[in-house]
Number of protein chains: 2
Amino acid sequence: MRAQPDRPMNERCSTCPIRERAICTYCSCDELSLLERIKSYRSYEPGQEIVAAGEETTILGSVVEGVVALSKTMVDGRRQMVGLMFPSDFIGRPMRATAPYDAVAVTPVRLCVFERRRFETLLLETPSIEKRLLEMMLDELDAARDWMLLLGRKSAREKIATFLLILARRAAIAEGASPQDGFSFTLPISREAMGEYLGLTIETVSRQFTALRKDGVIELTDSRTVQVPDFLALLDAAGEDADGGPLA
Amino acid sequence: MRAQPDRPMNERCSTCPIRERAICTYCSCDELSLLERIKSYRSYEPGQEIVAAGEETTILGSVVEGVVALSKTMVDGRRQMVGLMFPSDFIGRPMRATAPYDAVAVTPVRLCVFERRRFETLLLETPSIEKRLLEMMLDELDAARDWMLLLGRKSAREKIATFLLILARRAAIAEGASPQDGFSFTLPISREAMGEYLGLTIETVSRQFTALRKDGVIELTDSRTVQVPDFLALLDAAGEDADGGPLA
DNA sequence: TAATCTCATTGACCGGGATCAACCCCTTCC
DNA sequence: GGAAGGGGTTGATCCCGGTCAATGAGATTA
């Protein structure tokens, strides 16, 4: 069931939707043509495994379309999601042969991938890629530490609100909308996956959605479509500081 | 109360205790002499703040001696430690002006520091440092994600056991001891700090210590000195897989 | 149209860890 | 010596979120 290369390998980087945010952000034209020669694309269906924890990884690369969940599993089956990767995010662990977590497509996913060994020599030869990768990993580390605060100290209600807040900000930035106007977005993952991400059970997730709806913090047109009538109320429910304005 | 430079700035990198594990791991002799010219040292007392969240950071660098806690604080005072830094670990956030967390010395600490702007140009000019920093940040990210599993899914008992396991491994490696023989180590932080690290209250930490002691998993000579008579029992209490042997 | 399946919601109940409080031990300082 | 203070332990109680279970709402298939 491993995904196969699904297109000829000559798509142009210059028209790529993630050109300005992925590891190639700082690449020159020459470097882009090098990438075009060695990259390939893979597609995955929702639920399909991209890499398995402990398994040797042969490829790594960027999410072009779709959402990927990174999860860890304990021997008794308890699972914790440790990352949710959106377009332009980098998947895989350079400088290590085996993956420390599972990566699973949660929506239809398209990756721009490199063969692992090839990528590691590329890193050594291309400072612009190494610099961008370091930048992105530092951002990931910041995000992971924010998530540690969420998992260790926030209540179930705050956890849900924080997750919705992150999605709301993404949506606001993507649409160029001001977060003051009530706007809506689609949840990329199921209640179960949210539970795995937030360290909660599916039942608690559902109950907190209901509670936030009853309190007027959110509105649900259907179970996957959220409207935020009052951004500040959501910010408050998330237990976040309002410093720096609602988009901070 | 800001720490002052506490020695002439000409200590030799070649005799530095963290020479082979810190960001300078891959540096050539020439690069080391450059570092010797621009580095300086700072000392901190236990409890002293090294950087404050949100504050502009002017320095960053490596822990030479001692232990540093990185923590995040919510507006209502809830705190979560997001990292515990030992000698050779790197403190500070390159490529960003303000710190996303507090850094506080928990023991007497000595840092080898660089002025931030100077370090950032150094990074651009010195691929051996950039490569090592990327490696270290990837390791930090892995550790942060392991911690997310702990915070989101482990019981209080498992949390304490996991923390002791990490310290036991550190001690075993440092002493070159085999973990099978019962050996002992000192807890670098208080019960309160452990609670902050593990997402627990001080009372729960204390209770779980008592429980692990009563179950024979650990022995306490005094409240800061732990003996591990049976490493596998500790591994089991931590909810970890025993794959790859006890030091895995 | 019914059967089945998946995803989500809701209810009843329980338990692990938080909270509140007392107490112990050790060190430091009058 | 006694007081004060910090760190740690233990007990009693409470409550948030987990567990178990039933039901609902759509989508797919027979």
# chains A, B, ... in the order shown; residues from 1 in each chain; ligands from 1
call {"tool": "closest_atom_pairs", "arguments": {"of": "chain C", "to": "chain A", "cutoff": "8 Å", "atoms": "only C-alpha atoms (C1' of nucleotides)", "output": "CSV"}}
result
residue,atom,partner,partner_atom,distance
C:DC7,C1',A:Ser190,CA,8.0
C:DA8,C1',A:Ser206,CA,7.2
C:DT9,C1',A:Ser206,CA,6.8
call {"tool": "write_last_selection", "arguments": {"atoms": "C-alpha atoms (C1' of nucleotides)", "output": "PDB file, in the first residue's frame"}}
result
ATOM      1  C1'  DC C   7     -18.517   9.437  13.640  1.00  0.00           C
ATOM      2  C1'  DA C   8     -20.491  12.190  17.174  1.00  0.00           C
ATOM      3  C1'  DT C   9     -23.301  13.136  21.264  1.00  0.00           C
TER       4       DT C   9
END
call {"tool": "interface_residues", "arguments": {"of": "chain D", "to": "chain B", "cutoff": "10 Å", "atoms": "only C-alpha atoms (C1' of nucleotides)", "output": "list in words"}}
result
DG7, DG8, DT9 and DT10 of chain D
call {"tool": "write_last_selection", "arguments": {"atoms": "C-alpha atoms (C1' of nucleotides)", "output": "mmCIF file, in the first residue's frame"}}
result
data_model
loop_
_atom_site.group_PDB
_atom_site.id
_atom_site.type_symbol
_atom_site.label_atom_id
_atom_site.label_comp_id
_atom_site.auth_asym_id
_atom_site.auth_seq_id
_atom_site.Cartn_x
_atom_site.Cartn_y
_atom_site.Cartn_z
ATOM 1 C "C1'" DG D 7 11.268 21.616 51.796
ATOM 2 C "C1'" DG D 8 8.941 17.355 52.178
ATOM 3 C "C1'" DT D 9 5.261 14.012 53.720
ATOM 4 C "C1'" DT D 10 0.704 12.553 54.809
#
call {"tool": "atom_distance", "arguments": {"atom1": "CA of Ile59 (chain B)", "atom2": "CA of Ser71 (chain B)"}}
result
17.9 Å
call {"tool": "closest_atom_pairs", "arguments": {"of": "chain B", "to": "chain A", "cutoff": "9 Å", "atoms": "only C-alpha atoms", "output": "tab-separated table"}}
result
residue	atom	partner	partner_atom	distance
B:Ser71	CA	A:Leu149	CA	8.8
B:Lys72	CA	A:Leu149	CA	6.9
B:Thr73	CA	A:Leu149	CA	8.3
B:Met74	CA	A:Glu240	CA	7.3
B:Val75	CA	A:Asp241	CA	6.4
B:Asp76	CA	A:Gly239	CA	8.6
B:Arg78	CA	A:Arg153	CA	6.8
B:Arg79	CA	A:Arg153	CA	7.3
B:Gln80	CA	A:Leu149	CA	5.4
B:Met81	CA	A:Leu149	CA	7.7
B:Val82	CA	A:Arg145	CA	5.6
B:Gly83	CA	A:Arg145	CA	8.3
B:Arg93	CA	A:Leu138	CA	7.7
B:Pro94	CA	A:Leu138	CA	8.2
B:Met95	CA	A:Glu135	CA	7.3
B:Pro100	CA	A:Asp142	CA	7.3
B:Leu124	CA	A:Lys131	CA	8.3
B:Pro127	CA	A:Pro127	CA	7.8
B:Glu130	CA	A:Lys131	CA	7.9
B:Lys131	CA	A:Glu130	CA	7.9
B:Leu133	CA	A:Leu134	CA	8.0
B:Leu134	CA	A:Leu134	CA	5.5
B:Glu135	CA	A:Met95	CA	7.3
B:Met137	CA	A:Met137	CA	6.9
B:Leu138	CA	A:Met137	CA	6.9
B:Glu140	CA	A:Leu141	CA	7.4
B:Leu141	CA	A:Leu141	CA	5.4
B:Asp142	CA	A:Pro100	CA	7.3
B:Ala144	CA	A:Ala144	CA	6.3
B:Arg145	CA	A:Val82	CA	5.6
B:Asp146	CA	A:Lys72	CA	8.1
B:Trp147	CA	A:Met148	CA	7.3
B:Met148	CA	A:Met148	CA	5.7
B:Leu149	CA	A:Gln80	CA	5.4
B:Leu150	CA	A:Gln80	CA	8.8
B:Leu151	CA	A:Gly152	CA	5.3
B:Gly152	CA	A:Gly199	CA	4.4
B:Arg153	CA	A:Gly199	CA	6.2
B:Lys154	CA	A:Arg78	CA	8.7
B:Glu196	CA	A:Gly152	CA	8.6
B:Tyr197	CA	A:Gly152	CA	8.5
B:Leu198	CA	A:Gly152	CA	7.2
B:Gly199	CA	A:Gly152	CA	4.4
B:Leu200	CA	A:Gly152	CA	7.8
B:Gly239	CA	A:Met74	CA	7.5
B:Glu240	CA	A:Met74	CA	7.3
B:Asp241	CA	A:Val75	CA	6.4
call {"tool": "write_last_selection", "arguments": {"atoms": "C-alpha atoms", "output": "mmCIF file, in the first residue's frame"}}
result
data_model
loop_
_atom_site.group_PDB
_atom_site.id
_atom_site.type_symbol
_atom_site.label_atom_id
_atom_site.label_comp_id
_atom_site.auth_asym_id
_atom_site.auth_seq_id
_atom_site.Cartn_x
_atom_site.Cartn_y
_atom_site.Cartn_z
ATOM 1 C CA SER B 71 9.461 27.265 31.974
ATOM 2 C CA LYS B 72 6.330 28.834 30.628
ATOM 3 C CA THR B 73 3.852 30.660 32.828
ATOM 4 C CA MET B 74 0.166 31.319 32.222
ATOM 5 C CA VAL B 75 -1.467 34.610 33.201
ATOM 6 C CA ASP B 76 -3.045 33.016 36.287
ATOM 7 C CA ARG B 78 0.124 28.036 36.316
ATOM 8 C CA ARG B 79 3.614 27.009 35.282
ATOM 9 C CA GLN B 80 4.961 24.240 33.083
ATOM 10 C CA MET B 81 8.613 23.444 32.691
ATOM 11 C CA VAL B 82 9.402 22.836 29.007
ATOM 12 C CA GLY B 83 13.019 21.829 29.264
ATOM 13 C CA ARG B 93 16.622 31.202 20.716
ATOM 14 C CA PRO B 94 18.700 32.080 17.657
ATOM 15 C CA MET B 95 16.941 34.005 14.882
ATOM 16 C CA PRO B 100 9.573 32.303 24.468
ATOM 17 C CA LEU B 124 26.242 32.198 8.897
ATOM 18 C CA PRO B 127 28.830 25.725 8.862
ATOM 19 C CA GLU B 130 25.268 25.531 12.214
ATOM 20 C CA LYS B 131 25.294 21.810 11.494
ATOM 21 C CA LEU B 133 23.142 23.365 16.249
ATOM 22 C CA LEU B 134 20.680 21.789 13.808
ATOM 23 C CA GLU B 135 21.571 18.336 15.156
ATOM 24 C CA MET B 137 17.753 21.210 17.938
ATOM 25 C CA LEU B 138 16.497 18.027 16.245
ATOM 26 C CA GLU B 140 15.635 18.697 21.519
ATOM 27 C CA LEU B 141 12.576 18.383 19.326
ATOM 28 C CA ASP B 142 12.585 14.598 19.753
ATOM 29 C CA ALA B 144 10.058 17.607 23.529
ATOM 30 C CA ARG B 145 7.832 15.153 21.675
ATOM 31 C CA ASP B 146 8.673 12.361 24.094
ATOM 32 C CA TRP B 147 7.672 14.765 26.829
ATOM 33 C CA MET B 148 4.361 15.462 25.070
ATOM 34 C CA LEU B 149 3.582 11.744 25.295
ATOM 35 C CA LEU B 150 4.459 11.813 28.982
ATOM 36 C CA LEU B 151 2.356 14.908 29.733
ATOM 37 C CA GLY B 152 -0.628 13.845 27.651
ATOM 38 C CA ARG B 153 -0.914 10.157 28.392
ATOM 39 C CA LYS B 154 1.138 8.935 31.326
ATOM 40 C CA GLU B 196 6.367 21.739 37.258
ATOM 41 C CA TYR B 197 8.272 19.518 34.880
ATOM 42 C CA LEU B 198 5.852 16.594 35.006
ATOM 43 C CA GLY B 199 2.572 18.487 35.047
ATOM 44 C CA LEU B 200 1.779 17.431 38.623
ATOM 45 C CA GLY B 239 5.523 2.378 30.950
ATOM 46 C CA GLU B 240 8.427 2.136 28.533
ATOM 47 C CA ASP B 241 9.145 -0.562 26.060
#
call {"tool": "select_by_dssp", "arguments": {"residues": "region 41-225 of chain A", "states": "strand (DSSP E or B)", "output": "PyMOL selection string"}}
result
chain A and resi 41-44+49-51+56+59-65+68-73+79-85+90-91+98+102-105+109-115+183-186+219-222+225
call {"tool": "residues_around", "arguments": {"residues": "DA12 (chain D)", "least_positions_apart": "4", "cutoff": "12 Å", "atoms": "only C-alpha atoms (C1' of nucleotides)", "output": "short mmCIF file (atom, residue, chain, number, x, y, z; two decimals) with C-alpha atoms (C1' of nucleotides), in the first residue's frame"}}
result
data_model
loop_
_atom_site.label_atom_id
_atom_site.label_comp_id
_atom_site.auth_asym_id
_atom_site.auth_seq_id
_atom_site.Cartn_x
_atom_site.Cartn_y
_atom_site.Cartn_z
"C1'" DT C 19 -6.95 21.03 46.72
"C1'" DC C 20 -6.86 22.27 51.47
"C1'" DA C 21 -4.69 21.47 55.67
"C1'" DA C 22 -1.78 19.62 59.24
#
call {"tool": "atom_distance", "arguments": {"atom1": "CA of Thr186 (chain B)", "atom2": "CA of Ala233 (chain B)"}}
result
19.1 Å
call {"tool": "select_by_dssp", "arguments": {"residues": "region 125-234 of chain A", "states": "helix (DSSP H, G or I)", "output": "ChimeraX atom specification"}}
result
/A:125,127-153,156-175,191-198,202-214,231-234
call {"tool": "residues_around", "arguments": {"residues": "region 1-5 of chain C", "least_positions_apart": "2", "cutoff": "10 Å", "atoms": "only C-alpha atoms (C1' of nucleotides)", "output": "list in words"}}
result
DC7 of chain C; DA27, DT28, DT29 and DA30 of chain D
call {"tool": "residues_around", "arguments": {"residues": "DC20 (chain D)", "least_positions_apart": "5", "cutoff": "12 Å", "atoms": "only C-alpha atoms (C1' of nucleotides)", "output": "JSON list (two decimals) with N, CA and C atoms (P, O5', C5', C4', C3', O3' and C1' of nucleotides), in the first residue's frame"}}
result
[["chain", "number", "residue", "atom", "x", "y", "z"],
["A", 203, "GLU", "N", -14.93, 11.47, 24.13],
["A", 203, "GLU", "CA", -16.12, 11.93, 24.84],
["A", 203, "GLU", "C", -15.93, 13.32, 25.44],
["C", 11, "DG", "P", -27.67, 14.63, 28.46],
["C", 11, "DG", "O5'", -27.47, 13.26, 29.25],
["C", 11, "DG", "C5'", -28.24, 12.12, 28.88],
["C", 11, "DG", "C4'", -27.86, 10.93, 29.74],
["C", 11, "DG", "C3'", -27.59, 11.27, 31.21],
["C", 11, "DG", "O3'", -28.29, 10.34, 32.04],
["C", 11, "DG", "C1'", -25.75, 10.06, 30.31],
["C", 12, "DA", "P", -28.37, 10.52, 33.62],
["C", 12, "DA", "O5'", -27.41, 9.34, 34.12],
["C", 12, "DA", "C5'", -27.54, 8.04, 33.58],
["C", 12, "DA", "C4'", -26.57, 7.11, 34.29],
["C", 12, "DA", "C3'", -26.35, 7.45, 35.77],
["C", 12, "DA", "O3'", -26.22, 6.25, 36.52],
["C", 12, "DA", "C1'", -24.29, 7.60, 34.60],
["C", 13, "DC", "P", -25.96, 6.31, 38.10],
["C", 13, "DC", "O5'", -24.40, 6.03, 38.18],
["C", 13, "DC", "C5'", -23.85, 4.89, 37.52],
["C", 13, "DC", "C4'", -22.36, 4.93, 37.61],
["C", 13, "DC", "C3'", -21.81, 5.21, 39.02],
["C", 13, "DC", "O3'", -21.06, 4.08, 39.41],
["C", 13, "DC", "C1'", -20.67, 6.50, 37.35],
["C", 14, "DC", "P", -20.29, 4.06, 40.81],
["C", 14, "DC", "O5'", -18.79, 4.28, 40.32],
["C", 14, "DC", "C5'", -18.36, 3.67, 39.12],
["C", 14, "DC", "C4'", -16.91, 4.02, 38.89],
["C", 14, "DC", "C3'", -16.07, 4.07, 40.16],
["C", 14, "DC", "O3'", -14.83, 3.45, 39.88],
["C", 14, "DC", "C1'", -15.96, 6.17, 39.04]]
call {"tool": "atom_distance", "arguments": {"atom1": "CA of Ser88 (chain B)", "atom2": "CA of Ile23 (chain B)"}}
result
7.7 Å
call {"tool": "decode", "arguments": {"residues": "chain C", "atoms": "C-alpha atoms (C1' of nucleotides)", "output": "PDB file, in the first residue's frame"}}
result
ATOM      1  C1'  DT C   1     -36.187  -0.020   3.160  1.00  0.00           C
ATOM      2  C1'  DA C   2     -33.573  -1.969   6.011  1.00  0.00           C
ATOM      3  C1'  DA C   3     -28.921  -3.134   7.539  1.00  0.00           C
ATOM      4  C1'  DT C   4     -24.530  -1.779   8.642  1.00  0.00           C
ATOM      5  C1'  DC C   5     -20.776   1.243   9.651  1.00  0.00           C
ATOM      6  C1'  DT C   6     -18.556   5.309  11.124  1.00  0.00           C
ATOM      7  C1'  DC C   7     -18.517   9.437  13.640  1.00  0.00           C
ATOM      8  C1'  DA C   8     -20.491  12.190  17.174  1.00  0.00           C
ATOM      9  C1'  DT C   9     -23.301  13.136  21.264  1.00  0.00           C
ATOM     10  C1'  DT C  10     -25.086  12.335  25.795  1.00  0.00           C
ATOM     11  C1'  DG C  11     -25.755  10.062  30.305  1.00  0.00           C
ATOM     12  C1'  DA C  12     -24.288   7.596  34.597  1.00  0.00           C
ATOM     13  C1'  DC C  13     -20.674   6.496  37.351  1.00  0.00           C
ATOM     14  C1'  DC C  14     -15.964   6.172  39.041  1.00  0.00           C
ATOM     15  C1'  DG C  15     -11.293   7.177  40.154  1.00  0.00           C
ATOM     16  C1'  DG C  16      -6.820   9.632  39.846  1.00  0.00           C
ATOM     17  C1'  DG C  17      -4.905  13.581  40.943  1.00  0.00           C
ATOM     18  C1'  DA C  18      -5.889  18.406  42.696  1.00  0.00           C
ATOM     19  C1'  DT C  19      -6.949  21.035  46.721  1.00  0.00           C
ATOM     20  C1'  DC C  20      -6.855  22.267  51.470  1.00  0.00           C
ATOM     21  C1'  DA C  21      -4.693  21.475  55.669  1.00  0.00           C
ATOM     22  C1'  DA C  22      -1.777  19.624  59.242  1.00  0.00           C
ATOM     23  C1'  DC C  23       2.581  18.135  60.496  1.00  0.00           C
ATOM     24  C1'  DC C  24       7.607  16.763  60.329  1.00  0.00           C
ATOM     25  C1'  DC C  25      12.414  17.659  59.688  1.00  0.00           C
ATOM     26  C1'  DC C  26      16.250  20.430  59.126  1.00  0.00           C
ATOM     27  C1'  DT C  27      18.640  24.784  58.820  1.00  0.00           C
ATOM     28  C1'  DT C  28      19.251  29.496  60.038  1.00  0.00           C
ATOM     29  C1'  DC C  29      18.908  33.307  62.864  1.00  0.00           C
ATOM     30  C1'  DC C  30      17.960  35.749  67.081  1.00  0.00           C
TER      31       DC C  30
END
